[in-house]
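**Student:** Can you read through this structure? Questions will come right after.
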Amino acid sequence: MKYTLAPSILAADFKNLGRDIEKVDHAGADAIHIDVMDGNFVPSISFGMPLIRSIRSATDRFFDVHLMVTDPERYIKDFVDCGADGITIHAEACRDVENALKTIRKAGVRVGIALNPGTSLSCLDYLLDEVDMVLLMTVNPGFGGQKYIESSTRKIKALREKFIAENRDIDIEVDGGVTKETIEKVLDAGANVIVMGSAIFNGNPVKNTEYFKNILDLREKG
Ligand code: DX5
Ligand code: ZN
């Protein structure tokens, strides 16, 4: 299985964002996780298209855009145009989830669907043919640096077992509270795309990226 380390720039130093992105890129990050928050679907407001457009030239790494935005289908083209390589929308934020997912597919980027911790896996049942990745929030969205929600582990495990049973090659991304203390837990449960914000950008981003990338590389080697 391919493992991906995706540092979340929500936790980066915004006055030196390009520098922080280059640091984690050169240290081995596979993707850059970009948490877009609208202050409506989630309490916080983070950043949007202008910021993504300006950091696009800082790295060639995959831009993994996570839209914590109400009615995100309104913005799919804008985010693709400013540099998104993958767009993940929340099932809870769309009036017509299937149409929103098809819109991302038509735009030619990776398709992701996100579920909040309290949202059941059953809402995916009629959508899995439309997606490349499922993002399971392991905190309630809106802020970095929160504590991992322990019930997430069995949710990740159940979803990976479902994909194996149905022979589906779909990535499972986890986002929120993934640290030295919880990363083995989420990997054992079946997650393979790992978002980390504070665990990467608090302290030394280079050393932190190298540390976690090594863990994923060892997993990949089996
Ligand atoms: C929540 C955000 C955070 C962020 C990761 O809305 O999506 O989960 O990406 O933050 P850490 O890794 O600091 O919990
Ligand atoms: Zn995120």
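Identifiers for the structure tokens are assigned positionally: chains receive A, B, ... in sequence, residues are indexed from 1 per chain, and ligands are indexed from 1 in the order shown.
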Taking 5 positions as the minimum chain separation for residues in the same chain, which residues sit within 6 Å of Leu136 of chain A when counting only C-alpha atoms? Answer as a list in words.
**Tutor:** Ala114, Leu115 and Val174 of chain A
**Student:** Take the residues from that selection and put them in a file with N, CA, C and O atoms, as a PDB file, in the first residue's frame.
**Tutor:**
ATOM      1  N   ALA A 114     -15.096  13.759   2.759  1.00  0.00           N
ATOM      2  CA  ALA A 114     -14.725  13.804   4.176  1.00  0.00           C
ATOM      3  C   ALA A 114     -15.951  13.576   5.046  1.00  0.00           C
ATOM      4  O   ALA A 114     -17.045  14.038   4.719  1.00  0.00           O
ATOM      5  N   LEU A 115     -15.724  12.857   6.166  1.00  0.00           N
ATOM      6  CA  LEU A 115     -16.779  12.652   7.159  1.00  0.00           C
ATOM      7  C   LEU A 115     -16.297  13.164   8.506  1.00  0.00           C
ATOM      8  O   LEU A 115     -15.171  12.860   8.920  1.00  0.00           O
ATOM      9  N   VAL A 174      -6.571  10.422   7.253  1.00  0.00           N
ATOM     10  CA  VAL A 174      -6.972  10.825   8.609  1.00  0.00           C
ATOM     11  C   VAL A 174      -6.415  12.215   8.884  1.00  0.00           C
ATOM     12  O   VAL A 174      -5.323  12.570   8.401  1.00  0.00           O
TER      13      VAL A 174
END
**Student:** Need to verify the contact set: Met49 of chain A, 8 Å, only C-alpha atoms, exclusion of same-chain residues closer than 6 positions in sequence. Can you return it as a CSV table (one decimal) with C-alpha atoms, in the first residue's frame?
**Tutor:**
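Okay, this is what ended up in around_18.csv:
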chain,number,residue,atom,x,y,z
A,78,ASP,CA,-11.7,28.1,-8.7
A,79,PHE,CA,-9.7,25.8,-6.5
A,82,CYS,CA,-5.4,28.2,-8.4
**Student:** Residues at most 9 Å from ligand 1, using only C-alpha atoms and all ligand atoms? Could they come as a VMD selection string?
**Tutor:** chain A and resid 7 to 11 33 to 37 42 44 66 68 137 to 148 174 to 179 195 to 202
**Student:** Could you dump the residues just selected with N, CA and C atoms as a CSV table (one decimal), in the first residue's frame?
**Tutor:**
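As a result, result-v4.csv now contains:
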chain,number,residue,atom,x,y,z
A,7,PRO,N,1.6,17.1,5.4
A,7,PRO,CA,1.6,18.2,6.4
A,7,PRO,C,0.5,19.2,6.1
A,8,SER,N,-0.2,19.6,7.2
A,8,SER,CA,-1.2,20.6,7.1
A,8,SER,C,-0.6,22.0,7.4
A,9,ILE,N,-0.7,22.8,6.4
A,9,ILE,CA,-0.1,24.2,6.5
A,9,ILE,C,-0.9,25.1,7.5
A,10,LEU,N,-2.0,24.6,8.0
A,10,LEU,CA,-2.8,25.3,8.9
A,10,LEU,C,-1.9,25.6,10.2
A,11,ALA,N,-1.0,24.7,10.4
A,11,ALA,CA,-0.1,24.9,11.6
A,11,ALA,C,1.2,25.5,11.3
A,33,HIS,N,-1.2,19.4,2.7
A,33,HIS,CA,-2.6,19.5,3.1
A,33,HIS,C,-3.1,20.9,3.4
A,34,ILE,N,-4.1,21.3,2.6
A,34,ILE,CA,-4.5,22.7,2.7
A,34,ILE,C,-5.9,22.8,3.2
A,35,ASP,N,-6.0,23.3,4.5
A,35,ASP,CA,-7.3,23.3,5.2
A,35,ASP,C,-8.1,24.6,4.9
A,36,VAL,N,-9.0,24.6,4.0
A,36,VAL,CA,-9.8,25.8,3.7
A,36,VAL,C,-11.1,25.8,4.6
A,37,MET,N,-11.2,26.9,5.4
A,37,MET,CA,-12.3,27.0,6.4
A,37,MET,C,-13.1,28.3,6.1
A,42,VAL,N,-17.4,25.4,9.5
A,42,VAL,CA,-16.6,25.3,10.8
A,42,VAL,C,-16.5,26.7,11.4
A,44,SER,N,-13.9,28.4,12.4
A,44,SER,CA,-12.7,29.2,12.0
A,44,SER,C,-12.8,29.7,10.5
A,66,HIS,N,-8.6,20.5,1.4
A,66,HIS,CA,-9.7,20.0,2.2
A,66,HIS,C,-10.6,21.2,2.4
A,68,MET,N,-13.5,22.7,4.1
A,68,MET,CA,-14.4,22.8,5.2
A,68,MET,C,-15.3,24.0,4.9
A,137,MET,N,-12.3,12.5,9.5
A,137,MET,CA,-11.8,13.5,10.5
A,137,MET,C,-11.7,12.7,11.8
A,138,THR,N,-10.5,13.0,12.5
A,138,THR,CA,-10.2,12.3,13.7
A,138,THR,C,-10.2,13.3,14.9
A,139,VAL,N,-10.7,14.5,14.5
A,139,VAL,CA,-11.1,15.6,15.5
A,139,VAL,C,-12.3,16.3,14.8
A,140,ASN,N,-13.0,17.1,15.6
A,140,ASN,CA,-14.1,17.9,15.0
A,140,ASN,C,-13.5,19.0,14.3
A,141,PRO,N,-13.8,19.3,13.1
A,141,PRO,CA,-13.0,20.2,12.2
A,141,PRO,C,-13.1,21.7,12.7
A,142,GLY,N,-12.1,22.4,12.5
A,142,GLY,CA,-12.1,23.8,12.8
A,142,GLY,C,-10.8,24.3,13.4
A,143,PHE,N,-10.1,23.4,14.0
A,143,PHE,CA,-8.9,23.9,14.7
A,143,PHE,C,-7.8,22.9,14.6
A,144,GLY,N,-6.5,23.3,14.5
A,144,GLY,CA,-5.4,22.4,14.6
A,144,GLY,C,-5.1,22.1,16.1
A,145,GLY,N,-4.2,21.2,16.4
A,145,GLY,CA,-3.7,20.9,17.7
A,145,GLY,C,-4.7,20.3,18.7
A,146,GLN,N,-5.8,19.7,18.2
A,146,GLN,CA,-6.8,19.1,19.0
A,146,GLN,C,-6.4,17.6,19.4
A,147,LYS,N,-7.1,17.0,20.3
A,147,LYS,CA,-6.8,15.7,20.7
A,147,LYS,C,-7.5,14.6,19.8
A,148,TYR,N,-6.8,13.6,19.4
A,148,TYR,CA,-7.4,12.6,18.6
A,148,TYR,C,-8.6,11.9,19.3
A,174,VAL,N,-6.6,10.4,7.3
A,174,VAL,CA,-7.0,10.8,8.6
A,174,VAL,C,-6.4,12.2,8.9
A,175,ASP,N,-7.2,13.0,9.6
A,175,ASP,CA,-6.9,14.4,9.8
A,175,ASP,C,-7.3,14.9,11.2
A,176,GLY,N,-6.3,15.2,12.0
A,176,GLY,CA,-6.6,15.7,13.3
A,176,GLY,C,-6.1,14.9,14.4
A,177,GLY,N,-5.1,15.5,15.2
A,177,GLY,CA,-4.6,14.8,16.4
A,177,GLY,C,-3.7,13.7,16.1
A,178,VAL,N,-3.2,13.6,14.9
A,178,VAL,CA,-2.2,12.5,14.6
A,178,VAL,C,-0.8,13.0,15.0
A,179,THR,N,-0.3,12.2,15.9
A,179,THR,CA,1.0,12.6,16.5
A,179,THR,C,1.9,11.4,16.7
A,195,VAL,N,-2.5,13.2,7.6
A,195,VAL,CA,-2.4,14.6,7.7
A,195,VAL,C,-1.9,14.9,9.1
A,196,MET,N,-0.9,15.8,9.1
A,196,MET,CA,-0.3,16.2,10.4
A,196,MET,C,0.0,17.7,10.4
A,197,GLY,N,-0.5,18.4,11.3
A,197,GLY,CA,-0.3,19.9,11.4
A,197,GLY,C,0.7,20.2,12.5
A,198,SER,N,0.2,20.2,13.7
A,198,SER,CA,1.1,20.6,14.8
A,198,SER,C,2.2,19.6,15.0
A,199,ALA,N,2.0,18.4,14.7
A,199,ALA,CA,3.1,17.4,15.0
A,199,ALA,C,4.3,17.6,14.0
A,200,ILE,N,4.0,18.3,12.9
A,200,ILE,CA,5.1,18.7,11.9
A,200,ILE,C,5.6,20.1,12.2
A,201,PHE,N,4.7,21.1,12.3
A,201,PHE,CA,5.2,22.4,12.3
A,201,PHE,C,5.5,23.0,13.7
A,202,ASN,N,5.1,22.3,14.7
A,202,ASN,CA,5.5,22.7,16.1
A,202,ASN,C,6.9,22.2,16.3
**Student:** Could you check how far atom CA of Ala29 of chain A sits from atom CA of Pro50 of chain A, in Å to one decimal?
**Tutor:** 22.7 Å
**Student:** Enumerate, as number ranges by chain, the complete set of residues in segment 3-185 of chain A that a backbone-based DSSP assignment places in alpha helix (DSSP H).
**Tutor:** A: 17-26, 49-55, 76-81, 97-106, 152-165, 183-185
**Student:** Using only C-alpha atoms and all ligand atoms, pick whichever of A:Tyr126, A:Phe63, A:Phe14, A:Tyr75 has the shortest atom-to-atom distance to ligand 2.
**Tutor:**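 Once distances to ligand 2 are computed over only C-alpha atoms and all ligand atoms, the minimum belongs to A:Phe63.
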**Student:** As a PyMOL selection string, please: all residues of segment 12-142 of chain A that backbone DSSP puts in strand (DSSP E or B).
**Tutor:** chain A and resi 31-38+45+62-68+86-90+110-115+133-137
**Student:** Store the residues of this selection in a file with N, CA, C and O atoms, as a tab-separated table (two decimals), in the first residue's frame.
**Tutor:**
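The resulting file, again.tsv, is shown below:
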chain	number	residue	atom	x	y	z
A	31	ALA	N	2.76	15.31	0.13
A	31	ALA	CA	1.68	16.22	-0.28
A	31	ALA	C	1.61	17.36	0.72
A	31	ALA	O	2.17	17.27	1.81
A	32	ILE	N	0.93	18.41	0.31
A	32	ILE	CA	0.67	19.54	1.21
A	32	ILE	C	-0.83	19.59	1.46
A	32	ILE	O	-1.61	19.70	0.50
A	33	HIS	N	-1.22	19.45	2.72
A	33	HIS	CA	-2.65	19.45	3.07
A	33	HIS	C	-3.06	20.88	3.36
A	33	HIS	O	-2.44	21.58	4.18
A	34	ILE	N	-4.12	21.33	2.64
A	34	ILE	CA	-4.51	22.74	2.69
A	34	ILE	C	-5.94	22.84	3.23
A	34	ILE	O	-6.90	22.48	2.54
A	35	ASP	N	-6.05	23.29	4.48
A	35	ASP	CA	-7.34	23.32	5.18
A	35	ASP	C	-8.06	24.63	4.94
A	35	ASP	O	-7.74	25.65	5.56
A	36	VAL	N	-9.04	24.61	4.05
A	36	VAL	CA	-9.82	25.82	3.74
A	36	VAL	C	-11.06	25.84	4.62
A	36	VAL	O	-11.85	24.89	4.61
A	37	MET	N	-11.19	26.89	5.42
A	37	MET	CA	-12.29	26.98	6.38
A	37	MET	C	-13.07	28.26	6.14
A	37	MET	O	-12.47	29.34	6.01
A	38	ASP	N	-14.41	28.16	6.13
A	38	ASP	CA	-15.22	29.32	5.70
A	38	ASP	C	-15.87	30.07	6.86
A	38	ASP	O	-16.60	31.03	6.65
A	45	ILE	N	-12.04	30.70	10.23
A	45	ILE	CA	-11.77	31.12	8.85
A	45	ILE	C	-10.26	30.97	8.65
A	45	ILE	O	-9.48	31.44	9.50
A	62	PHE	N	1.94	17.45	-4.31
A	62	PHE	CA	0.48	17.36	-4.49
A	62	PHE	C	-0.23	18.30	-3.50
A	62	PHE	O	0.03	18.23	-2.28
A	63	PHE	N	-1.09	19.16	-4.03
A	63	PHE	CA	-1.90	20.05	-3.17
A	63	PHE	C	-3.21	19.35	-2.85
A	63	PHE	O	-4.09	19.22	-3.71
A	64	ASP	N	-3.30	18.92	-1.61
A	64	ASP	CA	-4.43	18.14	-1.10
A	64	ASP	C	-5.38	19.12	-0.39
A	64	ASP	O	-5.19	19.42	0.78
A	65	VAL	N	-6.35	19.63	-1.14
A	65	VAL	CA	-7.20	20.71	-0.61
A	65	VAL	C	-8.43	20.14	0.09
A	65	VAL	O	-9.21	19.40	-0.51
A	66	HIS	N	-8.57	20.51	1.35
A	66	HIS	CA	-9.66	20.02	2.20
A	66	HIS	C	-10.62	21.17	2.42
A	66	HIS	O	-10.31	22.12	3.13
A	67	LEU	N	-11.80	21.08	1.78
A	67	LEU	CA	-12.76	22.19	1.85
A	67	LEU	C	-13.71	21.98	3.01
A	67	LEU	O	-14.63	21.16	2.94
A	68	MET	N	-13.48	22.73	4.08
A	68	MET	CA	-14.43	22.76	5.19
A	68	MET	C	-15.32	23.97	4.93
A	68	MET	O	-15.22	25.02	5.58
A	86	GLY	N	-6.02	17.81	-5.68
A	86	GLY	CA	-7.08	16.96	-5.14
A	86	GLY	C	-8.00	17.85	-4.32
A	86	GLY	O	-7.51	18.79	-3.68
A	87	ILE	N	-9.29	17.58	-4.41
A	87	ILE	CA	-10.26	18.35	-3.63
A	87	ILE	C	-11.12	17.39	-2.82
A	87	ILE	O	-11.66	16.41	-3.39
A	88	THR	N	-11.18	17.65	-1.53
A	88	THR	CA	-12.00	16.83	-0.63
A	88	THR	C	-13.10	17.71	-0.05
A	88	THR	O	-12.81	18.79	0.49
A	89	ILE	N	-14.34	17.24	-0.21
A	89	ILE	CA	-15.48	18.01	0.31
A	89	ILE	C	-16.16	17.21	1.41
A	89	ILE	O	-16.04	15.99	1.46
A	90	HIS	N	-16.88	17.91	2.26
A	90	HIS	CA	-17.58	17.24	3.36
A	90	HIS	C	-18.97	16.80	2.94
A	90	HIS	O	-19.74	17.60	2.38
A	110	ARG	N	-8.05	14.77	-8.15
A	110	ARG	CA	-8.41	13.63	-7.29
A	110	ARG	C	-9.65	13.97	-6.49
A	110	ARG	O	-9.78	15.09	-5.99
A	111	VAL	N	-10.55	13.00	-6.34
A	111	VAL	CA	-11.84	13.23	-5.68
A	111	VAL	C	-11.82	12.66	-4.26
A	111	VAL	O	-11.53	11.47	-4.07
A	112	GLY	N	-12.13	13.52	-3.29
A	112	GLY	CA	-12.17	13.06	-1.90
A	112	GLY	C	-13.49	13.45	-1.24
A	112	GLY	O	-14.07	14.48	-1.56
A	113	ILE	N	-13.93	12.58	-0.33
A	113	ILE	CA	-15.11	12.90	0.49
A	113	ILE	C	-14.69	12.79	1.95
A	113	ILE	O	-13.97	11.86	2.32
A	114	ALA	N	-15.10	13.76	2.76
A	114	ALA	CA	-14.72	13.80	4.18
A	114	ALA	C	-15.95	13.58	5.05
A	114	ALA	O	-17.04	14.04	4.72
A	115	LEU	N	-15.72	12.86	6.17
A	115	LEU	CA	-16.78	12.65	7.16
A	115	LEU	C	-16.30	13.16	8.51
A	115	LEU	O	-15.17	12.86	8.92
A	133	MET	N	-10.68	8.84	-2.57
A	133	MET	CA	-10.18	8.89	-1.20
A	133	MET	C	-11.32	9.25	-0.26
A	133	MET	O	-12.21	10.04	-0.63
A	134	VAL	N	-11.29	8.68	0.95
A	134	VAL	CA	-12.22	9.07	2.03
A	134	VAL	C	-11.38	9.66	3.15
A	134	VAL	O	-10.41	9.04	3.61
A	135	LEU	N	-11.71	10.87	3.56
A	135	LEU	CA	-11.04	11.53	4.68
A	135	LEU	C	-11.90	11.33	5.92
A	135	LEU	O	-13.06	11.78	5.97
A	136	LEU	N	-11.38	10.62	6.90
A	136	LEU	CA	-12.09	10.46	8.18
A	136	LEU	C	-11.50	11.47	9.16
A	136	LEU	O	-10.33	11.36	9.55
A	137	MET	N	-12.29	12.47	9.52
A	137	MET	CA	-11.84	13.45	10.51
A	137	MET	C	-11.66	12.75	11.85
A	137	MET	O	-12.56	12.02	12.30
**Student:** With only C-alpha atoms and all ligand atoms as the basis for distance, which of A:Glu173, A:Arg74, A:Gly108, A:Asp81 is at the shortest distance from ligand 2?
**Tutor:** A:Glu173
**Student:** Calculated over only C-alpha atoms and all ligand atoms, which of the candidates A:Val206, A:Leu127, A:Ile104, A:Ile194 has the smallest distance to ligand 2?
**Tutor:**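 Among the listed residues, the smallest separation from ligand 2 belongs to A:Ile194.
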**Student:** Point out the residue among A:Ile21, A:Ile215, A:Ala58, A:Val193 with the least atom-to-atom distance to Leu5 of chain A, counting only C-alpha atoms.
**Tutor:**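 Once distances to Leu5 of chain A are computed over only C-alpha atoms, the minimum belongs to A:Val193.
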**Student:** Please provide the set of residues having any atom within 12 Å of Asn99 of chain A, restricted to only C-alpha atoms, with same-chain residues fewer than 3 positions apart removed, written as a list in words.
**Tutor:** Asp71, Pro72, Glu73, Arg74, Ile76, Ile89, Ala91, Cys94, Arg95, Asp96, Lys102, Thr103, Ile104, Arg105, Lys106, Val111, Leu127, Glu130 and Val131 of chain A
**Student:** Could you please take those selected residues and save C-alpha atoms as a PDB file, in the first residue's frame?
**Tutor:**
ATOM      1  CA  ASP A  71     -21.922  24.214  -0.591  1.00  0.00           C
ATOM      2  CA  PRO A  72     -18.350  23.619  -1.839  1.00  0.00           C
ATOM      3  CA  GLU A  73     -19.503  22.772  -5.392  1.00  0.00           C
ATOM      4  CA  ARG A  74     -19.621  26.538  -5.949  1.00  0.00           C
ATOM      5  CA  ILE A  76     -14.460  23.533  -7.402  1.00  0.00           C
ATOM      6  CA  ILE A  89     -15.478  18.012   0.308  1.00  0.00           C
ATOM      7  CA  ALA A  91     -20.643  15.037   2.890  1.00  0.00           C
ATOM      8  CA  CYS A  94     -23.405  19.557   0.368  1.00  0.00           C
ATOM      9  CA  ARG A  95     -27.008  19.586  -0.722  1.00  0.00           C
ATOM     10  CA  ASP A  96     -26.163  17.157  -3.558  1.00  0.00           C
ATOM     11  CA  LYS A 102     -18.885  14.350 -10.120  1.00  0.00           C
ATOM     12  CA  THR A 103     -18.014  18.037 -10.560  1.00  0.00           C
ATOM     13  CA  ILE A 104     -14.596  17.436  -8.995  1.00  0.00           C
ATOM     14  CA  ARG A 105     -14.087  14.374 -11.236  1.00  0.00           C
ATOM     15  CA  LYS A 106     -15.013  16.399 -14.329  1.00  0.00           C
ATOM     16  CA  VAL A 111     -11.841  13.233  -5.681  1.00  0.00           C
ATOM     17  CA  LEU A 127     -20.972   7.250  -3.241  1.00  0.00           C
ATOM     18  CA  GLU A 130     -17.343   8.448  -7.267  1.00  0.00           C
ATOM     19  CA  VAL A 131     -14.284   8.835  -5.010  1.00  0.00           C
TER      20      VAL A 131
END
**Student:** What's around Ser151 of chain A at 12 Å? Count only C-alpha atoms, leave out sequence neighbours fewer than 6 positions away in its own chain, and write the answer as a VMD selection string.
**Tutor:** chain A and resid 116 to 120 136 to 139 157 to 158 185 to 186 189
**Student:** Rounded to one decimal, what separation in Å do you get between atom CA of Thr182 of chain A and atom CA of Asn16 of chain A?
**Tutor:**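 Going from atom CA of Thr182 of chain A over to atom CA of Asn16 of chain A, I get 28.2 Å.
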